[in-house]
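Trainee: Mind looking over this structure? Questions follow.
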Amino acid sequence: MVIKVYIASSSGSTAIKKQQQDVLGFLEANKIEFEEKDIAANEENRKWMRENVPEDSRPASGNPLPPRLFNDSRYLGDYDAFFEARENNAVYAFLGLTAPPGSKEAEALAKQQA
């Protein structure tokens with residue numbers, strides 16, 4: 001399983017840049033392995049991301065914008081979905097990964113199962 005984060009290295013939007021930094025920084029800080037896929041520098045990445053974001057997750061007009069997260073080829077969500085999972089201490093579940101022992105998410109799961 002590989003977490004893939006689709007980003008745009010040369011986005012003119014400060015909001016998109018901040019969201020991308022937020023996602024990548026969180027993954028790095030928590031030592032979650034991921035691949036960064038740049039849609040600005042690689043046409044194949046841009047094409048793949050646009051084709052693999054589900055219809056119900058696309059904007060009403062235009063193309064889906066980064067950051068977008070995938071687990072291998074399974075679409076996980078956009079920044080808003082990631083942010084919500086992070087706020088709920090459920091990022092590992094969102095990513096389709098097992099929470100490491102001692103993490104807030106693992107402790108919350110243990111309490112639910114007790």
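In the structure tokens, chains take the letters A, B, ... in the order shown, each chain's residues start at 1, and ligands count up from 1 in the order shown.
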Can you list, as a list in words, every protein, DNA or RNA residue that comes within 12 Å of A:Ala99 when you count only C-alpha atoms, leaving out same-chain residues fewer than 4 positions away?
Mentor: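 What passes the distance filter is Asn30, Lys31, Ile32, Asn89, Ala90, Val91, Tyr92, Ala93, Phe94, Leu95, Ser103, Lys104, Glu105, Ala106, Glu107, Ala108, Leu109 and Ala110 of chain A.
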Trainee: If you run DSSP on the backbone here, which positions in stretch 24-60 of chain A get strand (DSSP E or B)? Please write them as an NGL selection string.
Mentor: :A and (34-38)
Trainee: Kindly export the residues of the current selection with all heavy atoms, as a PDB file, in the first residue's frame.
Mentor:
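Result written to selection-v7.pdb:
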```
ATOM      1  N   PHE A  34       4.826   8.124   2.023  1.00  0.00           N
ATOM      2  CA  PHE A  34       3.959   8.553   0.938  1.00  0.00           C
ATOM      3  C   PHE A  34       4.791   8.905  -0.284  1.00  0.00           C
ATOM      4  O   PHE A  34       5.999   9.097  -0.182  1.00  0.00           O
ATOM      5  CB  PHE A  34       3.101   9.764   1.359  1.00  0.00           C
ATOM      6  CG  PHE A  34       3.906  11.012   1.622  1.00  0.00           C
ATOM      7  CD1 PHE A  34       4.078  11.965   0.626  1.00  0.00           C
ATOM      8  CD2 PHE A  34       4.477  11.241   2.859  1.00  0.00           C
ATOM      9  CE1 PHE A  34       4.825  13.111   0.864  1.00  0.00           C
ATOM     10  CE2 PHE A  34       5.224  12.382   3.106  1.00  0.00           C
ATOM     11  CZ  PHE A  34       5.399  13.328   2.104  1.00  0.00           C
ATOM     12  N   GLU A  35       4.123   8.961  -1.418  1.00  0.00           N
ATOM     13  CA  GLU A  35       4.734   9.431  -2.651  1.00  0.00           C
ATOM     14  C   GLU A  35       4.085  10.756  -3.008  1.00  0.00           C
ATOM     15  O   GLU A  35       2.867  10.869  -2.998  1.00  0.00           O
ATOM     16  CB  GLU A  35       4.490   8.447  -3.801  1.00  0.00           C
ATOM     17  CG  GLU A  35       5.295   7.188  -3.734  1.00  0.00           C
ATOM     18  CD  GLU A  35       5.009   6.265  -4.915  1.00  0.00           C
ATOM     19  OE1 GLU A  35       4.395   6.700  -5.919  1.00  0.00           O
ATOM     20  OE2 GLU A  35       5.403   5.097  -4.824  1.00  0.00           O
ATOM     21  N   GLU A  36       4.911  11.726  -3.307  1.00  0.00           N
ATOM     22  CA  GLU A  36       4.421  13.034  -3.730  1.00  0.00           C
ATOM     23  C   GLU A  36       4.363  13.025  -5.260  1.00  0.00           C
ATOM     24  O   GLU A  36       5.352  12.739  -5.918  1.00  0.00           O
ATOM     25  CB  GLU A  36       5.409  14.089  -3.239  1.00  0.00           C
ATOM     26  CG  GLU A  36       4.941  15.489  -3.335  1.00  0.00           C
ATOM     27  CD  GLU A  36       5.942  16.445  -2.690  1.00  0.00           C
ATOM     28  OE1 GLU A  36       6.378  16.200  -1.548  1.00  0.00           O
ATOM     29  OE2 GLU A  36       6.280  17.429  -3.353  1.00  0.00           O
ATOM     30  N   LYS A  37       3.189  13.294  -5.811  1.00  0.00           N
ATOM     31  CA  LYS A  37       2.993  13.289  -7.260  1.00  0.00           C
ATOM     32  C   LYS A  37       2.666  14.709  -7.701  1.00  0.00           C
ATOM     33  O   LYS A  37       1.613  15.241  -7.349  1.00  0.00           O
ATOM     34  CB  LYS A  37       1.847  12.346  -7.655  1.00  0.00           C
ATOM     35  CG  LYS A  37       2.047  10.904  -7.221  1.00  0.00           C
ATOM     36  CD  LYS A  37       3.057  10.245  -8.106  1.00  0.00           C
ATOM     37  CE  LYS A  37       3.058   8.741  -7.899  1.00  0.00           C
ATOM     38  NZ  LYS A  37       3.925   8.070  -8.842  1.00  0.00           N
ATOM     39  N   ASP A  38       3.548  15.307  -8.471  1.00  0.00           N
ATOM     40  CA  ASP A  38       3.381  16.693  -8.902  1.00  0.00           C
ATOM     41  C   ASP A  38       2.605  16.748 -10.214  1.00  0.00           C
ATOM     42  O   ASP A  38       3.062  16.242 -11.233  1.00  0.00           O
ATOM     43  CB  ASP A  38       4.759  17.338  -9.061  1.00  0.00           C
ATOM     44  CG  ASP A  38       4.686  18.831  -9.310  1.00  0.00           C
ATOM     45  OD1 ASP A  38       3.569  19.369  -9.464  1.00  0.00           O
ATOM     46  OD2 ASP A  38       5.761  19.456  -9.347  1.00  0.00           O
TER      47      ASP A  38
END
```
Trainee: What lies within 8 Å of A:Tyr6 using only C-alpha atoms, ignoring chain neighbours under 4 positions off, as a PDB file with C-alpha atoms, in the first residue's frame?
Mentor:
```
ATOM      1  CA  GLU A  36       4.421  13.034  -3.730  1.00  0.00           C
ATOM      2  CA  LYS A  37       2.993  13.289  -7.260  1.00  0.00           C
ATOM      3  CA  ASP A  38       3.381  16.693  -8.902  1.00  0.00           C
ATOM      4  CA  ILE A  39       0.626  17.466 -11.399  1.00  0.00           C
ATOM      5  CA  ASN A  45       0.307  12.621 -12.944  1.00  0.00           C
ATOM      6  CA  MET A  49      -5.387  12.264 -10.863  1.00  0.00           C
ATOM      7  CA  PRO A  66      -4.840  19.327  -5.417  1.00  0.00           C
ATOM      8  CA  PRO A  67      -4.133  18.160  -2.841  1.00  0.00           C
ATOM      9  CA  ARG A  68      -5.832  14.804  -3.482  1.00  0.00           C
ATOM     10  CA  LEU A  69      -4.962  11.625  -1.596  1.00  0.00           C
TER      11      LEU A  69
END
```
Trainee: Between A:Ala8, A:Val23, A:Ala40, A:Leu76, single out the one closest to A:Leu97, counting only C-alpha atoms.
Mentor: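 Checking each of A:Ala8, A:Val23, A:Ala40, A:Leu76 against A:Leu97, counting only C-alpha atoms, the winner is A:Leu76.
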Trainee: Hey, which of A:Gln112, A:Asn88, A:Ser57, A:Asn52 ends up closest to A:Asp72? Count only C-alpha atoms.
Mentor: A:Asn52
Trainee: When distances are computed from only C-alpha atoms, which of A:Arg50, A:Gln113, A:Glu33, A:Gly102 shows the smallest separation from A:Asn71?
Mentor: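 Counting only C-alpha atoms, the residue closest to A:Asn71 is A:Glu33.
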Trainee: Assign secondary structure with DSSP using the backbone only, and return the residues of chain A in helix (DSSP H, G or I) as a PDB file with C-alpha atoms, in the first residue's frame.
Mentor:
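Final file, result.pdb:
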```
ATOM      1  CA  THR A  14      -1.874  30.395  -1.610  1.00  0.00           C
ATOM      2  CA  ALA A  15      -4.776  28.342  -0.200  1.00  0.00           C
ATOM      3  CA  ILE A  16      -3.754  25.292  -2.255  1.00  0.00           C
ATOM      4  CA  LYS A  17      -0.080  25.740  -1.288  1.00  0.00           C
ATOM      5  CA  LYS A  18      -1.014  25.930   2.409  1.00  0.00           C
ATOM      6  CA  GLN A  19      -3.235  22.842   2.170  1.00  0.00           C
ATOM      7  CA  GLN A  20      -0.495  20.888   0.395  1.00  0.00           C
ATOM      8  CA  GLN A  21       2.083  21.897   3.027  1.00  0.00           C
ATOM      9  CA  ASP A  22      -0.365  20.959   5.782  1.00  0.00           C
ATOM     10  CA  VAL A  23      -0.940  17.443   4.386  1.00  0.00           C
ATOM     11  CA  LEU A  24       2.721  16.753   3.544  1.00  0.00           C
ATOM     12  CA  GLY A  25       3.934  18.193   6.869  1.00  0.00           C
ATOM     13  CA  PHE A  26       1.506  16.029   8.841  1.00  0.00           C
ATOM     14  CA  LEU A  27       2.511  12.861   6.974  1.00  0.00           C
ATOM     15  CA  GLU A  28       6.228  13.630   7.428  1.00  0.00           C
ATOM     16  CA  ALA A  29       5.849  14.524  11.128  1.00  0.00           C
ATOM     17  CA  GLU A  43       1.352  15.584 -17.378  1.00  0.00           C
ATOM     18  CA  GLU A  44       0.890  11.852 -16.642  1.00  0.00           C
ATOM     19  CA  ASN A  45       0.307  12.621 -12.944  1.00  0.00           C
ATOM     20  CA  ARG A  46      -2.206  15.352 -13.806  1.00  0.00           C
ATOM     21  CA  LYS A  47      -4.077  13.083 -16.225  1.00  0.00           C
ATOM     22  CA  TRP A  48      -4.127  10.138 -13.777  1.00  0.00           C
ATOM     23  CA  MET A  49      -5.387  12.264 -10.863  1.00  0.00           C
ATOM     24  CA  ARG A  50      -8.152  13.856 -12.922  1.00  0.00           C
ATOM     25  CA  GLU A  51      -9.299  10.496 -14.281  1.00  0.00           C
ATOM     26  CA  ASN A  52      -9.311   8.793 -10.880  1.00  0.00           C
ATOM     27  CA  GLU A  55     -17.494  11.831 -10.184  1.00  0.00           C
ATOM     28  CA  ASP A  56     -19.178  12.668  -6.854  1.00  0.00           C
ATOM     29  CA  SER A  57     -15.929  14.202  -5.546  1.00  0.00           C
ATOM     30  CA  TYR A  79      -7.929  18.365   1.816  1.00  0.00           C
ATOM     31  CA  ASP A  80     -11.283  18.850   3.554  1.00  0.00           C
ATOM     32  CA  ALA A  81     -11.697  15.084   4.053  1.00  0.00           C
ATOM     33  CA  PHE A  82      -8.109  14.804   5.323  1.00  0.00           C
ATOM     34  CA  PHE A  83      -8.591  17.753   7.684  1.00  0.00           C
ATOM     35  CA  GLU A  84     -11.789  16.269   9.111  1.00  0.00           C
ATOM     36  CA  ALA A  85     -10.061  12.914   9.708  1.00  0.00           C
ATOM     37  CA  ARG A  86      -7.157  14.699  11.407  1.00  0.00           C
ATOM     38  CA  GLU A  87      -9.509  16.674  13.659  1.00  0.00           C
ATOM     39  CA  VAL A  91      -6.085   9.886   9.864  1.00  0.00           C
ATOM     40  CA  TYR A  92      -4.753   6.324   9.802  1.00  0.00           C
ATOM     41  CA  ALA A  93      -8.253   4.932   9.188  1.00  0.00           C
ATOM     42  CA  PHE A  94      -8.809   7.605   6.515  1.00  0.00           C
ATOM     43  CA  LEU A  95      -5.566   6.549   4.821  1.00  0.00           C
ATOM     44  CA  LYS A 104      -4.022   9.009  19.812  1.00  0.00           C
ATOM     45  CA  GLU A 105      -5.931   7.107  17.154  1.00  0.00           C
ATOM     46  CA  ALA A 106      -4.839   3.678  18.449  1.00  0.00           C
ATOM     47  CA  GLU A 107      -5.774   4.698  22.018  1.00  0.00           C
ATOM     48  CA  ALA A 108      -9.200   5.927  20.860  1.00  0.00           C
ATOM     49  CA  LEU A 109      -9.801   2.621  19.007  1.00  0.00           C
ATOM     50  CA  ALA A 110      -8.765   0.629  22.081  1.00  0.00           C
ATOM     51  CA  LYS A 111     -11.257   2.559  24.240  1.00  0.00           C
ATOM     52  CA  GLN A 112     -14.049   1.931  21.720  1.00  0.00           C
ATOM     53  CA  GLN A 113     -13.328  -1.788  21.687  1.00  0.00           C
TER      54      GLN A 113
END
```
Trainee: Hey, can you check how far atom CA of A:Leu65 sits from atom CA of A:Ser10?
Mentor: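 Computing the Euclidean distance for atom CA of A:Leu65 and atom CA of A:Ser10 yields 12.5 Å.
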